[in-house]
>>> print(open('my_file23.cif').read())   # mmCIF, C-alpha atoms
data_protein
#
loop_
_atom_site.label_atom_id
_atom_site.label_comp_id
_atom_site.auth_asym_id
_atom_site.auth_seq_id
_atom_site.Cartn_x
_atom_site.Cartn_y
_atom_site.Cartn_z
CA MET A 24 0.00 0.00 0.00
CA CYS A 25 2.83 2.37 0.89
CA LYS A 26 4.55 1.63 -2.40
CA ILE A 27 1.37 2.41 -4.32
CA MET A 28 1.02 5.70 -2.45
CA ASP A 29 4.66 6.54 -3.18
CA VAL A 30 4.17 5.84 -6.88
CA LEU A 31 1.01 7.95 -7.01
CA SER A 32 2.74 10.74 -5.11
CA TRP A 33 5.69 10.68 -7.50
CA GLN A 34 3.41 10.73 -10.54
CA THR A 35 1.50 13.69 -9.13
CA THR A 36 4.73 15.53 -8.39
CA LYS A 37 6.06 14.74 -11.84
CA LYS A 38 2.93 16.07 -13.54
CA SER A 39 3.01 19.22 -11.43
CA LEU A 40 6.66 19.75 -12.30
CA GLN A 41 5.96 19.27 -15.99
CA ARG A 42 3.14 21.82 -15.85
CA VAL A 43 5.42 24.33 -14.15
CA ILE A 44 8.17 23.76 -16.74
CA ARG A 45 5.71 24.14 -19.62
CA PHE A 46 4.29 27.30 -18.08
CA TYR A 47 7.67 28.98 -17.70
CA TRP A 48 8.87 27.73 -21.07
CA ARG A 49 5.85 29.31 -22.77
CA ARG A 50 6.61 32.61 -21.05
CA MET A 51 10.26 32.39 -22.00
CA PHE A 52 9.45 31.48 -25.60
CA LYS A 53 6.99 34.38 -25.85
CA ASP A 54 9.63 36.88 -24.73
CA LEU A 55 12.28 35.36 -26.97
CA ARG A 56 10.00 35.47 -30.00
CA ARG A 57 9.20 39.12 -29.31
CA GLU A 58 12.81 40.25 -28.86
CA PHE A 59 14.13 38.38 -31.90
CA GLY A 60 11.16 39.65 -33.90
CA LEU A 61 11.82 43.26 -32.91
CA ILE A 62 15.45 43.04 -33.95
CA PHE A 63 14.63 41.46 -37.30
CA LEU A 64 11.74 43.89 -37.82
CA ILE A 65 14.13 46.84 -37.44
CA PRO A 66 17.35 45.79 -39.20
CA LYS A 67 19.25 48.81 -37.90
CA ASN A 68 19.25 47.09 -34.51
CA ILE A 69 21.77 44.71 -36.06
CA TYR A 70 23.73 46.69 -38.63
CA LEU A 71 23.95 49.95 -36.65
CA PRO A 72 25.94 48.58 -33.68
CA LEU A 73 28.09 46.47 -35.99
CA SER A 74 28.75 49.51 -38.18
CA ILE A 75 29.67 51.70 -35.20
CA PHE A 76 31.93 49.00 -33.82
CA GLY A 77 33.58 48.34 -37.18
CA ILE A 78 34.20 52.02 -37.95
CA ILE A 79 35.72 52.81 -34.54
CA PHE A 80 37.78 49.64 -34.61
CA LEU A 81 39.07 50.32 -38.12
CA ILE A 82 40.04 53.89 -37.23
CA PHE A 83 42.29 52.61 -34.45
CA PHE A 84 43.49 49.76 -36.63
CA LEU A 85 44.50 52.08 -39.47
CA LEU A 86 46.46 54.24 -37.05
CA ASP A 87 48.86 51.28 -36.94
CA PHE A 88 49.30 51.02 -33.19
CA ASP A 89 51.54 48.51 -31.51
CA GLU A 90 50.04 45.01 -31.63
CA SER A 91 49.19 45.05 -27.93
CA LEU A 92 47.28 48.31 -28.35
CA THR A 93 45.00 46.84 -31.00
CA TYR A 94 43.23 45.09 -28.15
CA VAL A 95 42.78 48.49 -26.53
CA SER A 96 41.11 49.74 -29.70
CA SER A 97 38.88 46.68 -29.65
CA PHE A 98 37.81 47.38 -26.07
CA ILE A 99 37.22 51.08 -26.75
CA ALA A 100 35.14 50.24 -29.82
CA SER A 101 33.10 47.75 -27.81
CA PHE A 102 32.72 50.17 -24.91
CA ILE A 103 31.44 53.01 -27.09
CA THR A 104 29.19 50.77 -29.18
CA ILE A 105 27.44 49.15 -26.23
CA PHE A 106 27.15 52.50 -24.47
CA ILE A 107 25.38 53.97 -27.52
CA ILE A 108 22.99 51.09 -28.17
CA SER A 109 22.15 50.62 -24.48
CA GLU A 110 20.46 54.02 -24.47
CA SER A 111 17.40 52.57 -26.20
CA THR A 112 17.31 49.20 -24.43
CA PHE A 113 14.22 50.02 -22.37
CA LYS A 114 13.17 53.38 -23.81
CA ASP A 115 10.71 52.12 -26.43
CA ASP A 116 9.21 49.48 -24.14
CA TYR A 117 8.75 52.10 -21.44
CA ALA A 118 7.22 54.65 -23.83
CA THR A 119 4.72 52.14 -25.22
CA GLY A 120 3.79 50.88 -21.76
CA TYR A 121 5.07 47.37 -22.43
CA ILE A 122 7.15 47.25 -19.24
CA GLU A 123 4.17 48.37 -17.19
CA GLN A 124 2.07 45.71 -18.88
CA LYS A 125 4.66 43.05 -18.06
CA LEU A 126 4.67 44.13 -14.44
CA CYS A 127 0.88 43.88 -14.33
CA GLU A 128 1.02 40.36 -15.76
CA THR A 129 3.82 39.17 -13.49
CA GLU A 130 6.03 40.54 -10.76
CA SER A 131 9.16 39.21 -12.46
CA LEU A 132 10.98 40.66 -15.46
CA ILE A 133 13.62 37.94 -15.49
CA PHE A 134 12.46 36.34 -18.74
CA TYR A 135 12.09 39.75 -20.35
CA LEU A 136 15.68 40.70 -19.53
CA PHE A 137 17.05 37.28 -20.44
CA ALA A 138 15.29 37.35 -23.82
CA LYS A 139 16.77 40.78 -24.56
CA TYR A 140 20.23 39.57 -23.62
CA LEU A 141 20.01 36.37 -25.65
CA ALA A 142 18.76 38.20 -28.75
CA ASN A 143 21.59 40.73 -28.53
CA LEU A 144 24.15 38.04 -27.77
CA ILE A 145 23.30 35.97 -30.84
CA LEU A 146 22.55 38.76 -33.33
CA VAL A 147 24.97 41.49 -32.21
CA TYR A 148 27.71 40.38 -29.82
CA LEU A 149 28.69 37.14 -31.53
CA PRO A 150 29.04 38.97 -34.89
CA MET A 151 31.03 41.70 -33.10
CA THR A 152 33.38 39.04 -31.75
CA LEU A 153 33.75 37.54 -35.21
CA LEU A 154 34.41 40.99 -36.66
CA ALA A 155 37.07 41.68 -34.03
CA PHE A 156 38.67 38.34 -34.81
CA LEU A 157 38.69 38.99 -38.56
CA ILE A 158 40.21 42.46 -38.19
CA ASN A 159 42.57 41.91 -35.30
CA GLY A 160 43.00 38.20 -34.78
CA PHE A 161 43.76 36.47 -31.52
CA ASN A 162 46.67 34.57 -30.11
CA ASP A 163 46.50 31.11 -31.69
CA ASN A 164 47.69 29.52 -28.46
CA TYR A 165 44.66 30.77 -26.54
CA LEU A 166 42.14 31.24 -29.33
CA LEU A 167 39.10 29.72 -27.61
CA GLU A 168 39.91 31.33 -24.26
CA LEU A 169 40.23 34.79 -25.80
CA ILE A 170 37.05 34.47 -27.85
CA PHE A 171 35.20 33.32 -24.75
CA ALA A 172 36.69 36.18 -22.72
CA TYR A 173 35.67 38.65 -25.43
CA ILE A 174 32.05 37.47 -25.38
CA VAL A 175 32.02 37.62 -21.57
CA MET A 176 33.46 41.13 -21.75
CA LEU A 177 30.73 42.30 -24.14
CA SER A 178 28.01 40.68 -22.03
CA THR A 179 29.27 42.28 -18.84
CA LEU A 180 29.36 45.72 -20.45
CA TYR A 181 25.84 45.11 -21.72
CA PHE A 182 24.48 44.41 -18.23
CA PHE A 183 26.20 47.39 -16.64
CA PHE A 184 25.15 49.88 -19.29
CA ASN A 185 21.60 48.54 -19.12
CA LEU A 186 21.65 49.58 -15.48
CA GLY A 187 22.47 53.11 -16.60
CA SER A 188 19.72 52.90 -19.21
CA ALA A 189 17.18 51.88 -16.56
CA ILE A 190 18.25 54.75 -14.31
CA SER A 191 17.85 57.33 -17.09
CA ILE A 192 14.68 55.89 -18.63
CA LYS A 193 12.47 58.78 -17.49
CA ARG A 194 14.93 61.62 -17.89
CA ASN A 195 15.94 60.41 -21.35
CA ASN A 196 19.53 61.38 -20.60
CA SER A 197 22.08 58.81 -21.69
CA LEU A 198 24.80 60.62 -19.72
CA ASN A 199 23.30 59.09 -16.58
CA ALA A 200 24.70 55.79 -17.79
CA LEU A 201 28.17 57.21 -17.12
CA LEU A 202 27.38 56.98 -13.41
CA ILE A 203 28.05 53.25 -13.48
CA ILE A 204 31.54 53.58 -15.03
CA PRO A 205 33.28 53.60 -11.60
CA LEU A 206 31.83 50.12 -11.07
CA LEU A 207 33.68 49.00 -14.20
CA ILE A 208 37.17 50.03 -13.07
CA PRO A 209 38.11 46.54 -11.72
CA PHE A 210 36.56 45.06 -14.85
CA ILE A 211 38.68 47.27 -17.12
CA ILE A 212 41.80 46.19 -15.21
CA LEU A 213 40.89 42.54 -15.76
CA VAL A 214 40.35 43.12 -19.48
CA GLU A 215 43.74 44.84 -19.69
CA GLU A 216 45.42 41.91 -17.93
CA ILE A 217 43.83 39.37 -20.28
CA PHE A 218 44.10 41.07 -23.66
CA ILE A 219 47.20 43.25 -23.27
CA ALA A 220 49.36 41.64 -20.60
CA GLY A 221 48.36 38.19 -21.84
CA LYS A 222 47.72 36.86 -18.33
CA ILE A 223 44.67 34.78 -19.13
CA MET A 224 44.69 32.70 -15.96
CA PRO A 225 43.49 33.39 -13.30
CA ASN A 226 42.11 36.67 -14.68
CA LEU A 227 39.61 34.81 -16.85
CA ASN A 228 38.13 33.30 -13.68
CA PHE A 229 37.86 36.75 -12.13
CA LEU A 230 36.25 38.03 -15.32
CA MET A 231 33.69 35.23 -15.10
CA ALA A 232 33.00 36.21 -11.49
CA TYR A 233 32.38 39.78 -12.66
CA PHE A 234 30.06 38.47 -15.35
CA ILE A 235 28.09 36.38 -12.83
CA PHE A 236 27.84 39.41 -10.56
CA SER A 237 26.50 41.53 -13.41
CA ALA A 238 24.13 38.81 -14.64
CA THR A 239 22.61 38.39 -11.18
CA PHE A 240 22.93 41.40 -8.91
CA ILE A 241 22.98 44.05 -11.66
CA ASN A 242 19.96 42.51 -13.37
CA TYR A 243 18.20 42.32 -10.02
CA ALA A 244 18.90 46.03 -9.56
CA ILE A 245 17.60 46.72 -13.08
CA ILE A 246 14.35 44.91 -12.32
CA GLN A 247 13.83 46.90 -9.12
CA ILE A 248 14.61 50.18 -10.88
CA LEU A 249 12.22 49.40 -13.74
CA LYS A 250 9.50 48.65 -11.20
CA ILE A 251 10.06 52.01 -9.53
CA GLN A 252 10.27 53.87 -12.83
CA SER A 253 7.01 52.32 -14.06
CA LYS A 254 4.97 53.47 -11.05
#
>>> encode(input="my_file23.cif", output="structure tokens")
Amino acid sequence: MCKIMDVLSWQTTKKSLQRVIRFYWRRMFKDLRREFGLIFLIPKNIYLPLSIFGIIFLIFFLLDFDESLTYVSSFIASFITIFIISESTFKDDYATGYIEQKLCETESLIFYLFAKYLANLILVYLPMTLLAFLINGFNDNYLLELIFAYIVMLSTLYFFFNLGSAISIKRNNSLNALLIIPLLIPFIILVEEIFIAGKIMPNLNFLMAYFIFSATFINYAIIQILKIQSK
């Protein structure tokens, strides 16, 4: 009898778990479809950041700096590009009332933020990494590590500048995003150690820690700020 009850209990738990997974997957898929659709609907969301990045990068590249400084030009190009495109991360959704609608539907904006990040990662940051590789190249001995570090670097910048975008969403002043730059000073030092000094380990681990911090705490702060801004 106990075994039968255990089996029934497990089946009930399994069905409940499956329903929860399907529910959250549908929400995630809905947000992903929207964000990818918006980017494809407005092609400039893809070619504009890539154009800005490529132009800035090529300017530094044509100046014929020392090889180590080409990584500096890559970082500066990435920094400026993400700073510019982050200005409109939440602006349109706030203006149309979409963020407020999301908050009315659910208390969490986690899927909304994750969908935005994933869409930008696949359609913007991966091509930026490829472009940087084609123009500048990476050390063949640490090719995969440097490409991975580059993607992590772009993602971390994305999260931090989104925090600035959330802060300035009402004032429509992108200069407010500069307020978060002091938080990036340790991050900039890590990037310098990896790409210029060539000290990949253990700095890559520290860079990953910075990324995890930005993906969790910074996004949590963004959610709270968006809630306040939408009231």
>>> resolve_selection(input="my_file23.cif", expression="the PyMOL selection byres ((chain A and resi 147) around 12)", output="MDAnalysis selection string")
chainID A and resid 59 62:63 66:76 101 104:105 108 139:146 148:154 174 177:178 181
>>> closest_residue(input="my_file23.cif", among="A:Ile158, A:Arg56, A:Tyr121, A:Ile107", to="A:Phe80", atoms="all atoms listed in the file")
A:Ile158
>>> atom_distance(input="my_file23.cif", atom1="atom CA of A:Ala155", atom2="atom CA of A:Ile219")
14.9 Å
>>> atom_distance(input="my_file23.cif", atom1="atom CA of A:Val95", atom2="atom CA of A:Thr239")
27.3 Å
>>> closest_residue(input="my_file23.cif", among="A:Leu230, A:Leu64, A:Arg50, A:Lys125", to="A:Leu207", atoms="only C-alpha atoms")
A:Leu230
>>> closest_residue(input="my_file23.cif", among="A:Asn226, A:Gln247, A:Ser237, A:Ser253", to="A:Thr119", atoms="only C-alpha atoms")
A:Ser253
>>> closest_residue(input="my_file23.cif", among="A:Tyr165, A:Tyr233, A:Phe98, A:Tyr117", to="A:Gly221", atoms="all atoms listed in the file")
A:Tyr165
>>> decode(input="my_file23.cif", residues="stretch 137-162 of chain A", atoms="N, CA and C atoms", output="tab-separated table (two decimals), in the first residue's frame")
chain	number	residue	atom	x	y	z
A	137	PHE	N	16.26	38.37	-19.86
A	137	PHE	CA	17.05	37.28	-20.44
A	137	PHE	C	16.83	37.20	-21.95
A	138	ALA	N	15.59	37.40	-22.38
A	138	ALA	CA	15.29	37.35	-23.82
A	138	ALA	C	16.02	38.48	-24.56
A	139	LYS	N	16.04	39.66	-23.96
A	139	LYS	CA	16.77	40.78	-24.56
A	139	LYS	C	18.26	40.45	-24.68
A	140	TYR	N	18.80	39.90	-23.61
A	140	TYR	CA	20.23	39.57	-23.62
A	140	TYR	C	20.54	38.51	-24.68
A	141	LEU	N	19.74	37.46	-24.72
A	141	LEU	CA	20.01	36.37	-25.65
A	141	LEU	C	19.90	36.83	-27.10
A	142	ALA	N	18.91	37.68	-27.39
A	142	ALA	CA	18.76	38.20	-28.75
A	142	ALA	C	19.97	39.04	-29.15
A	143	ASN	N	20.42	39.89	-28.24
A	143	ASN	CA	21.59	40.73	-28.53
A	143	ASN	C	22.87	39.90	-28.61
A	144	LEU	N	22.96	38.89	-27.76
A	144	LEU	CA	24.15	38.04	-27.77
A	144	LEU	C	24.30	37.34	-29.12
A	145	ILE	N	23.23	36.76	-29.61
A	145	ILE	CA	23.30	35.97	-30.84
A	145	ILE	C	23.41	36.86	-32.08
A	146	LEU	N	22.65	37.95	-32.11
A	146	LEU	CA	22.55	38.76	-33.33
A	146	LEU	C	23.52	39.94	-33.38
A	147	VAL	N	24.07	40.32	-32.23
A	147	VAL	CA	24.97	41.49	-32.21
A	147	VAL	C	26.35	41.13	-31.67
A	148	TYR	N	26.41	40.55	-30.48
A	148	TYR	CA	27.71	40.38	-29.82
A	148	TYR	C	28.55	39.25	-30.42
A	149	LEU	N	27.91	38.19	-30.85
A	149	LEU	CA	28.69	37.14	-31.53
A	149	LEU	C	29.25	37.65	-32.86
A	150	PRO	N	28.45	38.37	-33.68
A	150	PRO	CA	29.04	38.97	-34.89
A	150	PRO	C	30.14	39.99	-34.58
A	151	MET	N	29.98	40.76	-33.49
A	151	MET	CA	31.03	41.70	-33.10
A	151	MET	C	32.32	40.96	-32.77
A	152	THR	N	32.19	39.85	-32.08
A	152	THR	CA	33.38	39.04	-31.75
A	152	THR	C	34.04	38.51	-33.01
A	153	LEU	N	33.22	38.03	-33.94
A	153	LEU	CA	33.75	37.54	-35.21
A	153	LEU	C	34.44	38.66	-35.98
A	154	LEU	N	33.83	39.84	-35.96
A	154	LEU	CA	34.41	40.99	-36.66
A	154	LEU	C	35.75	41.37	-36.04
A	155	ALA	N	35.81	41.37	-34.71
A	155	ALA	CA	37.07	41.68	-34.03
A	155	ALA	C	38.14	40.66	-34.39
A	156	PHE	N	37.73	39.40	-34.48
A	156	PHE	CA	38.67	38.34	-34.81
A	156	PHE	C	39.19	38.50	-36.24
A	157	LEU	N	38.29	38.85	-37.16
A	157	LEU	CA	38.69	38.99	-38.56
A	157	LEU	C	39.63	40.18	-38.76
A	158	ILE	N	39.38	41.26	-38.02
A	158	ILE	CA	40.21	42.46	-38.19
A	158	ILE	C	41.53	42.34	-37.43
A	159	ASN	N	41.42	41.86	-36.21
A	159	ASN	CA	42.57	41.91	-35.30
A	159	ASN	C	43.25	40.57	-35.12
A	160	GLY	N	42.45	39.52	-35.05
A	160	GLY	CA	43.00	38.20	-34.78
A	160	GLY	C	43.30	38.02	-33.31
A	161	PHE	N	43.44	36.78	-32.90
A	161	PHE	CA	43.76	36.47	-31.52
A	161	PHE	C	44.96	35.55	-31.48
A	162	ASN	N	45.54	35.46	-30.32
A	162	ASN	CA	46.67	34.57	-30.11
A	162	ASN	C	46.23	33.12	-30.37
